[in-house]
$ cat start.pdb   # PDB, C-alpha atoms and all ligand atoms
ATOM      1  CA  MET A 641     -21.497 131.755 -70.977  1.00  0.00           C
ATOM      2  CA  SER A 642     -22.655 128.274 -69.936  1.00  0.00           C
ATOM      3  CA  SER A 643     -20.151 125.958 -68.243  1.00  0.00           C
ATOM      4  CA  ALA A 644     -20.168 123.615 -71.284  1.00  0.00           C
ATOM      5  CA  ALA A 645     -19.417 126.531 -73.621  1.00  0.00           C
ATOM      6  CA  ALA A 646     -16.684 127.780 -71.285  1.00  0.00           C
ATOM      7  CA  HIS A 647     -15.076 124.335 -71.322  1.00  0.00           C
ATOM      8  CA  SER A 648     -15.169 124.148 -75.121  1.00  0.00           C
ATOM      9  CA  THR A 649     -13.524 127.569 -75.268  1.00  0.00           C
ATOM     10  CA  GLN A 650     -10.863 126.495 -72.778  1.00  0.00           C
ATOM     11  CA  LEU A 651     -10.131 123.367 -74.794  1.00  0.00           C
ATOM     12  CA  ALA A 652     -10.000 125.322 -78.061  1.00  0.00           C
ATOM     13  CA  ALA A 653      -7.499 127.731 -76.457  1.00  0.00           C
ATOM     14  CA  LEU A 654      -5.365 124.797 -75.286  1.00  0.00           C
ATOM     15  CA  ARG A 655      -5.448 123.268 -78.748  1.00  0.00           C
ATOM     16  CA  ALA A 656      -4.364 126.578 -80.300  1.00  0.00           C
ATOM     17  CA  GLU A 657      -1.521 126.922 -77.804  1.00  0.00           C
ATOM     18  CA  ALA A 658      -0.342 123.344 -78.403  1.00  0.00           C
ATOM     19  CA  ALA A 659      -0.168 124.013 -82.143  1.00  0.00           C
ATOM     20  CA  SER A 660       3.083 125.929 -81.621  1.00  0.00           C
ATOM     21  CA  CYS A 661       4.561 123.635 -78.952  1.00  0.00           C
ATOM     22  CA  ARG A 662       8.359 123.425 -79.045  1.00  0.00           C
ATOM     23  CA  ALA A 663       8.824 121.573 -75.733  1.00  0.00           C
ATOM     24  CA  CYS A 664      10.837 118.833 -77.472  1.00  0.00           C
ATOM     25  CA  HIS A 665      12.380 118.375 -80.908  1.00  0.00           C
ATOM     26  CA  LEU A 666       9.569 116.276 -82.418  1.00  0.00           C
ATOM     27  CA  TRP A 667       7.744 119.272 -83.901  1.00  0.00           C
ATOM     28  CA  LYS A 668      10.563 119.802 -86.400  1.00  0.00           C
ATOM     29  CA  ASP A 669       9.813 116.780 -88.622  1.00  0.00           C
ATOM     30  CA  ALA A 670       6.111 116.356 -87.865  1.00  0.00           C
ATOM     31  CA  THR A 671       3.461 118.015 -90.011  1.00  0.00           C
ATOM     32  CA  GLN A 672       1.525 119.399 -87.064  1.00  0.00           C
ATOM     33  CA  THR A 673       0.545 118.949 -83.431  1.00  0.00           C
ATOM     34  CA  VAL A 674      -2.210 116.353 -83.156  1.00  0.00           C
ATOM     35  CA  PHE A 675      -4.272 117.442 -80.180  1.00  0.00           C
ATOM     36  CA  GLY A 676      -7.024 115.444 -78.501  1.00  0.00           C
ATOM     37  CA  GLU A 677     -10.556 115.379 -79.839  1.00  0.00           C
ATOM     38  CA  GLY A 678     -13.970 114.876 -78.300  1.00  0.00           C
ATOM     39  CA  PRO A 679     -16.570 116.487 -76.048  1.00  0.00           C
ATOM     40  CA  ALA A 680     -15.252 119.066 -73.576  1.00  0.00           C
ATOM     41  CA  HIS A 681     -17.072 117.258 -70.749  1.00  0.00           C
ATOM     42  CA  ALA A 682     -16.427 113.661 -71.803  1.00  0.00           C
ATOM     43  CA  PRO A 683     -16.671 111.234 -68.871  1.00  0.00           C
ATOM     44  CA  ILE A 684     -14.009 109.008 -70.444  1.00  0.00           C
ATOM     45  CA  MET A 685     -10.642 110.011 -71.860  1.00  0.00           C
ATOM     46  CA  LEU A 686      -8.757 107.506 -74.010  1.00  0.00           C
ATOM     47  CA  VAL A 687      -5.016 107.994 -74.208  1.00  0.00           C
ATOM     48  CA  GLY A 688      -2.840 106.479 -76.941  1.00  0.00           C
ATOM     49  CA  GLU A 689       0.871 106.746 -77.633  1.00  0.00           C
ATOM     50  CA  GLN A 690       1.456 109.300 -80.375  1.00  0.00           C
ATOM     51  CA  PRO A 691      -0.065 110.153 -83.754  1.00  0.00           C
ATOM     52  CA  GLY A 692       0.892 107.855 -86.621  1.00  0.00           C
ATOM     53  CA  ASP A 693       1.461 108.743 -90.260  1.00  0.00           C
ATOM     54  CA  LYS A 694      -2.235 109.221 -91.091  1.00  0.00           C
ATOM     55  CA  GLU A 695      -2.935 111.195 -87.911  1.00  0.00           C
ATOM     56  CA  ASP A 696       0.043 113.464 -88.554  1.00  0.00           C
ATOM     57  CA  LEU A 697      -1.357 114.354 -91.971  1.00  0.00           C
ATOM     58  CA  ALA A 698      -4.989 114.669 -90.853  1.00  0.00           C
ATOM     59  CA  GLY A 699      -4.268 116.500 -87.584  1.00  0.00           C
ATOM     60  CA  LYS A 700      -6.661 114.142 -85.761  1.00  0.00           C
ATOM     61  CA  PRO A 701      -5.977 111.265 -83.370  1.00  0.00           C
ATOM     62  CA  PHE A 702      -6.694 107.645 -84.279  1.00  0.00           C
ATOM     63  CA  VAL A 703      -7.873 108.041 -87.858  1.00  0.00           C
ATOM     64  CA  GLY A 704      -5.500 105.430 -89.359  1.00  0.00           C
ATOM     65  CA  PRO A 705      -5.412 101.612 -89.071  1.00  0.00           C
ATOM     66  CA  ALA A 706      -5.120 101.625 -85.251  1.00  0.00           C
ATOM     67  CA  GLY A 707      -8.070 104.016 -85.156  1.00  0.00           C
ATOM     68  CA  GLN A 708     -10.166 101.566 -87.180  1.00  0.00           C
ATOM     69  CA  VAL A 709      -9.435  98.789 -84.693  1.00  0.00           C
ATOM     70  CA  LEU A 710     -10.246 101.167 -81.852  1.00  0.00           C
ATOM     71  CA  ASN A 711     -13.539 102.256 -83.441  1.00  0.00           C
ATOM     72  CA  ARG A 712     -14.656  98.653 -83.967  1.00  0.00           C
ATOM     73  CA  ALA A 713     -13.715  97.653 -80.416  1.00  0.00           C
ATOM     74  CA  LEU A 714     -15.453 100.702 -78.910  1.00  0.00           C
ATOM     75  CA  GLU A 715     -18.611  99.877 -80.825  1.00  0.00           C
ATOM     76  CA  GLU A 716     -18.518  96.228 -79.731  1.00  0.00           C
ATOM     77  CA  ALA A 717     -18.001  97.341 -76.140  1.00  0.00           C
ATOM     78  CA  GLY A 718     -21.038  99.622 -76.367  1.00  0.00           C
ATOM     79  CA  LEU A 719     -19.116 102.896 -76.260  1.00  0.00           C
ATOM     80  CA  ASP A 720     -19.783 105.744 -78.667  1.00  0.00           C
ATOM     81  CA  ARG A 721     -16.524 107.240 -79.967  1.00  0.00           C
ATOM     82  CA  ASP A 722     -18.219 110.610 -80.380  1.00  0.00           C
ATOM     83  CA  LYS A 723     -18.919 110.695 -76.648  1.00  0.00           C
ATOM     84  CA  VAL A 724     -15.369 109.966 -75.452  1.00  0.00           C
ATOM     85  CA  TYR A 725     -12.324 112.219 -75.607  1.00  0.00           C
ATOM     86  CA  VAL A 726      -9.430 110.670 -77.533  1.00  0.00           C
ATOM     87  CA  THR A 727      -5.874 111.910 -77.168  1.00  0.00           C
ATOM     88  CA  ASN A 728      -2.239 110.813 -77.158  1.00  0.00           C
ATOM     89  CA  ALA A 729       0.548 110.955 -74.573  1.00  0.00           C
ATOM     90  CA  VAL A 730       2.822 112.535 -77.198  1.00  0.00           C
ATOM     91  CA  LYS A 731       1.284 114.941 -79.664  1.00  0.00           C
ATOM     92  CA  HIS A 732       3.792 114.921 -82.512  1.00  0.00           C
ATOM     93  CA  PHE A 733       4.563 112.024 -84.850  1.00  0.00           C
ATOM     94  CA  LYS A 734       8.015 110.529 -84.256  1.00  0.00           C
ATOM     95  CA  PHE A 735       9.403 108.645 -87.237  1.00  0.00           C
ATOM     96  CA  VAL A 736      12.415 107.845 -89.367  1.00  0.00           C
ATOM     97  CA  PRO A 737      12.129 108.132 -93.149  1.00  0.00           C
ATOM     98  CA  ARG A 738      12.628 104.840 -95.026  1.00  0.00           C
ATOM     99  CA  GLY A 739      12.299 105.580 -98.716  1.00  0.00           C
ATOM    100  CA  LYS A 740       8.743 106.734 -99.241  1.00  0.00           C
ATOM    101  CA  ILE A 741       7.618 105.449 -95.848  1.00  0.00           C
ATOM    102  CA  ARG A 742       7.766 107.215 -92.505  1.00  0.00           C
ATOM    103  CA  LEU A 743       8.546 104.517 -89.982  1.00  0.00           C
ATOM    104  CA  HIS A 744       6.985 104.966 -86.528  1.00  0.00           C
ATOM    105  CA  GLN A 745       9.457 105.345 -83.643  1.00  0.00           C
ATOM    106  CA  LYS A 746       8.469 104.853 -80.020  1.00  0.00           C
ATOM    107  CA  PRO A 747       8.719 108.084 -78.033  1.00  0.00           C
ATOM    108  CA  ASN A 748      11.333 108.079 -75.256  1.00  0.00           C
ATOM    109  CA  THR A 749      10.960 109.211 -71.642  1.00  0.00           C
ATOM    110  CA  PRO A 750      12.149 112.838 -72.157  1.00  0.00           C
ATOM    111  CA  GLU A 751       9.670 113.214 -75.044  1.00  0.00           C
ATOM    112  CA  ILE A 752       6.840 111.728 -72.964  1.00  0.00           C
ATOM    113  CA  LYS A 753       7.696 114.062 -70.078  1.00  0.00           C
ATOM    114  CA  ALA A 754       7.968 117.109 -72.329  1.00  0.00           C
ATOM    115  CA  CYS A 755       4.463 116.443 -73.648  1.00  0.00           C
ATOM    116  CA  ARG A 756       2.845 115.570 -70.308  1.00  0.00           C
ATOM    117  CA  PRO A 757       1.760 119.148 -69.493  1.00  0.00           C
ATOM    118  CA  TRP A 758      -0.662 118.990 -72.446  1.00  0.00           C
ATOM    119  CA  TYR A 759      -2.186 115.788 -71.115  1.00  0.00           C
ATOM    120  CA  GLU A 760      -2.381 117.340 -67.636  1.00  0.00           C
ATOM    121  CA  ARG A 761      -4.126 120.399 -69.025  1.00  0.00           C
ATOM    122  CA  GLU A 762      -6.560 118.302 -71.082  1.00  0.00           C
ATOM    123  CA  LEU A 763      -7.295 116.329 -67.924  1.00  0.00           C
ATOM    124  CA  ALA A 764      -7.813 119.477 -65.838  1.00  0.00           C
ATOM    125  CA  SER A 765     -10.176 120.919 -68.436  1.00  0.00           C
ATOM    126  CA  ILE A 766     -12.237 117.822 -69.250  1.00  0.00           C
ATOM    127  CA  LYS A 767     -12.187 116.231 -65.786  1.00  0.00           C
ATOM    128  CA  PRO A 768     -13.069 112.727 -66.978  1.00  0.00           C
ATOM    129  CA  ALA A 769     -14.118 110.202 -64.337  1.00  0.00           C
ATOM    130  CA  LEU A 770     -12.164 107.505 -66.160  1.00  0.00           C
ATOM    131  CA  VAL A 771      -8.911 107.570 -68.113  1.00  0.00           C
ATOM    132  CA  VAL A 772      -8.164 104.597 -70.369  1.00  0.00           C
ATOM    133  CA  ALA A 773      -4.428 104.245 -70.923  1.00  0.00           C
ATOM    134  CA  MET A 774      -3.800 102.225 -74.084  1.00  0.00           C
ATOM    135  CA  GLY A 775      -0.294 100.794 -74.131  1.00  0.00           C
ATOM    136  CA  ALA A 776       2.956 101.392 -72.270  1.00  0.00           C
ATOM    137  CA  THR A 777       3.591 104.976 -73.376  1.00  0.00           C
ATOM    138  CA  ALA A 778       0.103 106.076 -72.343  1.00  0.00           C
ATOM    139  CA  ALA A 779       0.420 104.246 -69.001  1.00  0.00           C
ATOM    140  CA  GLN A 780       3.798 105.914 -68.385  1.00  0.00           C
ATOM    141  CA  SER A 781       2.315 109.333 -69.034  1.00  0.00           C
ATOM    142  CA  VAL A 782      -0.873 108.754 -67.044  1.00  0.00           C
ATOM    143  CA  PHE A 783       0.888 107.362 -63.943  1.00  0.00           C
ATOM    144  CA  GLY A 784       3.990 109.534 -64.345  1.00  0.00           C
ATOM    145  CA  LYS A 785       6.221 106.457 -64.242  1.00  0.00           C
ATOM    146  CA  MET A 786       6.836 103.246 -66.165  1.00  0.00           C
ATOM    147  CA  THR A 787       3.811 101.018 -65.561  1.00  0.00           C
ATOM    148  CA  PRO A 788       3.698  97.428 -66.824  1.00  0.00           C
ATOM    149  CA  ILE A 789       0.568  96.670 -68.834  1.00  0.00           C
ATOM    150  CA  GLY A 790       0.210  92.958 -68.014  1.00  0.00           C
ATOM    151  CA  LYS A 791       0.138  93.457 -64.254  1.00  0.00           C
ATOM    152  CA  ASN A 792      -2.256  96.386 -64.329  1.00  0.00           C
ATOM    153  CA  ARG A 793      -4.635  95.857 -67.211  1.00  0.00           C
ATOM    154  CA  GLY A 794      -8.325  95.093 -67.037  1.00  0.00           C
ATOM    155  CA  ARG A 795      -9.229  96.640 -63.666  1.00  0.00           C
ATOM    156  CA  LEU A 796     -10.177 100.059 -62.393  1.00  0.00           C
ATOM    157  CA  ILE A 797      -7.272 101.668 -60.560  1.00  0.00           C
ATOM    158  CA  ASP A 798      -7.787 104.670 -58.266  1.00  0.00           C
ATOM    159  CA  LEU A 799      -5.785 107.713 -59.208  1.00  0.00           C
ATOM    160  CA  ASN A 800      -6.085 110.540 -56.759  1.00  0.00           C
ATOM    161  CA  GLU A 801      -4.117 113.370 -58.247  1.00  0.00           C
ATOM    162  CA  ALA A 802      -4.269 117.072 -57.502  1.00  0.00           C
ATOM    163  CA  GLY A 803      -7.344 116.549 -55.340  1.00  0.00           C
ATOM    164  CA  ALA A 804      -9.317 114.914 -58.162  1.00  0.00           C
ATOM    165  CA  GLU A 805     -10.587 111.385 -57.727  1.00  0.00           C
ATOM    166  CA  ARG A 806     -10.540 109.379 -60.861  1.00  0.00           C
ATOM    167  CA  LYS A 807     -10.133 105.843 -62.117  1.00  0.00           C
ATOM    168  CA  VAL A 808      -7.651 104.564 -64.644  1.00  0.00           C
ATOM    169  CA  LEU A 809      -8.092 101.518 -66.812  1.00  0.00           C
ATOM    170  CA  VAL A 810      -4.929 100.151 -68.412  1.00  0.00           C
ATOM    171  CA  THR A 811      -5.195  98.124 -71.583  1.00  0.00           C
ATOM    172  CA  VAL A 812      -3.168  97.319 -74.682  1.00  0.00           C
ATOM    173  CA  HIS A 813      -2.650  99.667 -77.587  1.00  0.00           C
ATOM    174  CA  PRO A 814      -4.734  98.852 -80.694  1.00  0.00           C
ATOM    175  CA  SER A 815      -1.537  98.860 -82.832  1.00  0.00           C
ATOM    176  CA  TYR A 816      -0.302  95.922 -80.782  1.00  0.00           C
ATOM    177  CA  LEU A 817      -3.268  93.927 -82.105  1.00  0.00           C
ATOM    178  CA  LEU A 818      -2.333  94.819 -85.669  1.00  0.00           C
ATOM    179  CA  ARG A 819       1.238  93.625 -85.168  1.00  0.00           C
ATOM    180  CA  LEU A 820       0.357  90.153 -83.816  1.00  0.00           C
ATOM    181  CA  PRO A 821       1.590  87.586 -86.337  1.00  0.00           C
ATOM    182  CA  ASP A 822      -1.011  84.832 -86.061  1.00  0.00           C
ATOM    183  CA  GLU A 823      -4.754  85.016 -86.449  1.00  0.00           C
ATOM    184  CA  ASP A 824      -5.572  83.092 -83.257  1.00  0.00           C
ATOM    185  CA  ALA A 825      -3.508  85.446 -81.109  1.00  0.00           C
ATOM    186  CA  LYS A 826      -5.067  88.393 -82.923  1.00  0.00           C
ATOM    187  CA  ALA A 827      -8.606  87.189 -82.238  1.00  0.00           C
ATOM    188  CA  ARG A 828      -7.848  86.352 -78.601  1.00  0.00           C
ATOM    189  CA  GLU A 829      -6.096  89.652 -77.862  1.00  0.00           C
ATOM    190  CA  TYR A 830      -8.767  91.646 -79.663  1.00  0.00           C
ATOM    191  CA  ALA A 831     -11.434  89.933 -77.521  1.00  0.00           C
ATOM    192  CA  ASN A 832      -9.443  90.856 -74.398  1.00  0.00           C
ATOM    193  CA  PHE A 833      -9.218  94.456 -75.586  1.00  0.00           C
ATOM    194  CA  VAL A 834     -13.001  94.574 -76.072  1.00  0.00           C
ATOM    195  CA  LYS A 835     -13.432  93.001 -72.620  1.00  0.00           C
ATOM    196  CA  ASP A 836     -11.332  95.824 -71.102  1.00  0.00           C
ATOM    197  CA  LEU A 837     -13.385  98.438 -72.937  1.00  0.00           C
ATOM    198  CA  LYS A 838     -16.590  96.779 -71.691  1.00  0.00           C
ATOM    199  CA  LEU A 839     -15.364  97.523 -68.181  1.00  0.00           C
ATOM    200  CA  ALA A 840     -15.155 101.180 -69.185  1.00  0.00           C
ATOM    201  CA  ALA A 841     -18.684 100.958 -70.613  1.00  0.00           C
ATOM    202  CA  SER A 842     -20.105  99.435 -67.431  1.00  0.00           C
ATOM    203  CA  PHE A 843     -18.305 102.076 -65.354  1.00  0.00           C
ATOM    204  CA  LEU A 844     -19.998 104.713 -67.498  1.00  0.00           C
ATOM    205  CA  HIS A 845     -23.451 103.107 -67.028  1.00  0.00           C
ATOM    206  CA  LYS A 846     -22.958 103.072 -63.256  1.00  0.00           C
ATOM    207  CA  LEU A 847     -21.814 106.688 -63.348  1.00  0.00           C
ATOM    208  CA  LYS A 848     -24.953 107.685 -65.248  1.00  0.00           C
ATOM    209  CA  ALA A 849     -27.181 105.716 -62.885  1.00  0.00           C
ATOM    210  CA  ALA A 850     -25.620 107.261 -59.756  1.00  0.00           C
TER     211      ALA A 850
HETATM  212  N1  LIG A 901      -1.473 105.376 -82.482  1.00  0.00           N
HETATM  213  C1  LIG A 901      -1.629 106.205 -81.430  1.00  0.00           C
HETATM  214  O1  LIG A 901      -1.157 105.951 -80.324  1.00  0.00           O
HETATM  215  N2  LIG A 901      -2.340 107.291 -81.611  1.00  0.00           N
HETATM  216  C2  LIG A 901      -2.892 107.627 -82.744  1.00  0.00           C
HETATM  217  O2  LIG A 901      -3.518 108.671 -82.805  1.00  0.00           O
HETATM  218  C3  LIG A 901      -2.735 106.737 -83.829  1.00  0.00           C
HETATM  219  C4  LIG A 901      -2.015 105.618 -83.687  1.00  0.00           C
END
$ encode --input "start.pdb" --output "structure tokens"
Amino acid sequence: MSSAAAHSTQLAALRAEAASCRACHLWKDATQTVFGEGPAHAPIMLVGEQPGDKEDLAGKPFVGPAGQVLNRALEEAGLDRDKVYVTNAVKHFKFVPRGKIRLHQKPNTPEIKACRPWYERELASIKPALVVAMGATAAQSVFGKMTPIGKNRGRLIDLNEAGAERKVLVTVHPSYLLRLPDEDAKAREYANFVKDLKLAASFLHKLKAA
């Protein structure tokens, strides 16, 4: 078996195992585990917070409104979504029912910690050169501690973990852009998000050229 095929198999096995994860209580109300998606050898791994309503139903990460913002920003930054691996720090949807709506709830530290082994195993299998942590929950999972976005965003940070050298880029979560109340702030913050992703794109070009 080629190394690429072996990696796909490894990832498929991980996905199957995660489907019956009971490491925290979130599985009880969620429809399913939403595992990461993308090439088994992707050079870039994007990490979000947790699946939303649409993702929970589809079983795929970033297919709802935040996913549309992400897709547009990736394209503008010159990154192909099909060539990056997209996952979440927490792999079950956390919500409270409000009538017909399921209202998103931010995962807490025990839930982030309970889910971290899946992220670690995705990382160990894919071995991306760059991890993009989108938002506070992703940054907390990636660095293993609370990590402020403002102070750390927009630059490549070395992360030498378990003998693997890799870079981390911290940026905002696309849902944050959707929540901004005024159009000027929305446009400005979206442009900053694209700027951050362009850094990931230029890192990838340098990696390919090396
Ligand atoms: N928000 C996330 O963090 N992840 C998704 O998959 C969708 C919305």
$ closest_residue --input "start.pdb" --among "A:Leu719, A:Leu820, A:Ala706, A:Ala840" --to "ligand LIG 901 (chain A)" --atoms "all atoms listed in the file"
A:Ala706
$ atom_distance --input "start.pdb" --atom1 "atom CA of Gln650 of chain A" --atom2 "atom CA of Ile684 of chain A"
17.9 Å
$ closest_atom_pairs --input "start.pdb" --of "chain A" --to "ligand LIG 901 (chain A)" --cutoff "12 Å" --atoms "only C-alpha atoms and all ligand atoms" --output "CSV"
residue,atom,partner,partner_atom,distance
A:Thr673,CA,A:LIG901,O2,11.1
A:Val674,CA,A:LIG901,O2,7.8
A:Phe675,CA,A:LIG901,O2,9.2
A:Gly676,CA,A:LIG901,O2,8.8
A:Glu677,CA,A:LIG901,O2,10.2
A:Leu686,CA,A:LIG901,N2,9.9
A:Val687,CA,A:LIG901,O1,7.5
A:Gly688,CA,A:LIG901,O1,3.8
A:Glu689,CA,A:LIG901,O1,3.5
A:Gln690,CA,A:LIG901,O1,4.2
A:Pro691,CA,A:LIG901,O2,3.9
A:Gly692,CA,A:LIG901,C4,4.7
A:Asp693,CA,A:LIG901,C3,7.9
A:Lys694,CA,A:LIG901,C3,7.7
A:Glu695,CA,A:LIG901,O2,5.7
A:Asp696,CA,A:LIG901,O2,8.3
A:Leu697,CA,A:LIG901,O2,11.0
A:Ala698,CA,A:LIG901,O2,10.1
A:Gly699,CA,A:LIG901,O2,9.2
A:Lys700,CA,A:LIG901,O2,7.0
A:Pro701,CA,A:LIG901,O2,3.6
A:Phe702,CA,A:LIG901,O2,3.6
A:Val703,CA,A:LIG901,C3,6.7
A:Gly704,CA,A:LIG901,C3,6.3
A:Pro705,CA,A:LIG901,C4,7.5
A:Ala706,CA,A:LIG901,C4,5.3
A:Gly707,CA,A:LIG901,C3,6.1
A:Gln708,CA,A:LIG901,C3,9.7
A:Val709,CA,A:LIG901,C4,10.1
A:Leu710,CA,A:LIG901,C4,9.5
A:Asn711,CA,A:LIG901,C3,11.7
A:Tyr725,CA,A:LIG901,O2,11.9
A:Val726,CA,A:LIG901,O2,8.2
A:Thr727,CA,A:LIG901,O2,6.9
A:Asn728,CA,A:LIG901,N2,5.7
A:Ala729,CA,A:LIG901,O1,7.8
A:Val730,CA,A:LIG901,O1,8.3
A:Lys731,CA,A:LIG901,O2,8.5
A:His732,CA,A:LIG901,O2,9.6
A:Phe733,CA,A:LIG901,C2,8.9
A:Lys734,CA,A:LIG901,C1,10.9
A:His744,CA,A:LIG901,N1,9.4
A:Gln745,CA,A:LIG901,N1,11.0
A:Lys746,CA,A:LIG901,O1,9.7
A:Pro747,CA,A:LIG901,O1,10.4
A:Ala773,CA,A:LIG901,O1,10.1
A:Met774,CA,A:LIG901,O1,7.7
A:Gly775,CA,A:LIG901,O1,8.1
A:Ala776,CA,A:LIG901,O1,10.1
A:Thr777,CA,A:LIG901,O1,8.5
A:Ala778,CA,A:LIG901,O1,8.1
A:Ala779,CA,A:LIG901,O1,11.6
A:Val812,CA,A:LIG901,O1,10.5
A:His813,CA,A:LIG901,O1,7.0
A:Pro814,CA,A:LIG901,N1,7.5
A:Ser815,CA,A:LIG901,N1,6.5
A:Tyr816,CA,A:LIG901,N1,9.7
A:Leu817,CA,A:LIG901,N1,11.6
A:Leu818,CA,A:LIG901,C4,11.0
$ closest_residue --input "start.pdb" --among "A:Lys807, A:Lys668, A:Lys753, A:Lys767" --to "Pro683 of chain A" --atoms "all atoms listed in the file"
A:Lys767
$ closest_residue --input "start.pdb" --among "A:Leu809, A:Ile766, A:Met685, A:Ala713" --to "Ala652 of chain A" --atoms "all atoms listed in the file"
A:Ile766
$ closest_residue --input "start.pdb" --among "A:Ala754, A:Val810, A:Ala831, A:Ala680" --to "Arg655 of chain A" --atoms "all atoms listed in the file"
A:Ala680
$ atom_distance --input "start.pdb" --atom1 "atom CA of Asp722 of chain A" --atom2 "atom CA of Gly678 of chain A"
6.4 Å
$ residues_around --input "start.pdb" --residues "Arg756 of chain A" --least-positions-apart "3" --cutoff "9 Å" --atoms "only C-alpha atoms" --output "ChimeraX atom specification"
/A:729-730,751-753,759-761,781-782,784
$ axis_aligned_box --input "start.pdb" --around "segment 781-793 of chain A" --padding-each-side "3 Å" --output "AutoDock Vina command-line options"
--center_x 1.1 --center_y 101.2 --center_z -66.5 --size_x 17.5 --size_y 22.6 --size_z 11.1
$ atom_distance --input "start.pdb" --atom1 "atom CA of Gly790 of chain A" --atom2 "atom CA of Thr811 of chain A"
8.3 Å
$ closest_residue --input "start.pdb" --among "A:Asn832, A:Ser842, A:Gln672, A:Ser648" --to "Arg793 of chain A" --atoms "all atoms listed in the file"
A:Asn832
$ residues_around --input "start.pdb" --residues "segment 716-718 of chain A" --least-positions-apart "6" --cutoff "7 Å" --atoms "only C-alpha atoms" --output "list of chain:residue names"
A:Val834, A:Leu837, A:Lys838, A:Ala841
$ residues_around --input "start.pdb" --residues "Leu799 of chain A" --least-positions-apart "2" --cutoff "10 Å" --atoms "all atoms listed in the file" --output "list in words"
Leu770, Val771, Val782, Phe783, Leu796, Ile797, Glu801, Ala802, Gly803, Ala804, Glu805, Arg806, Lys807 and Val808 of chain A
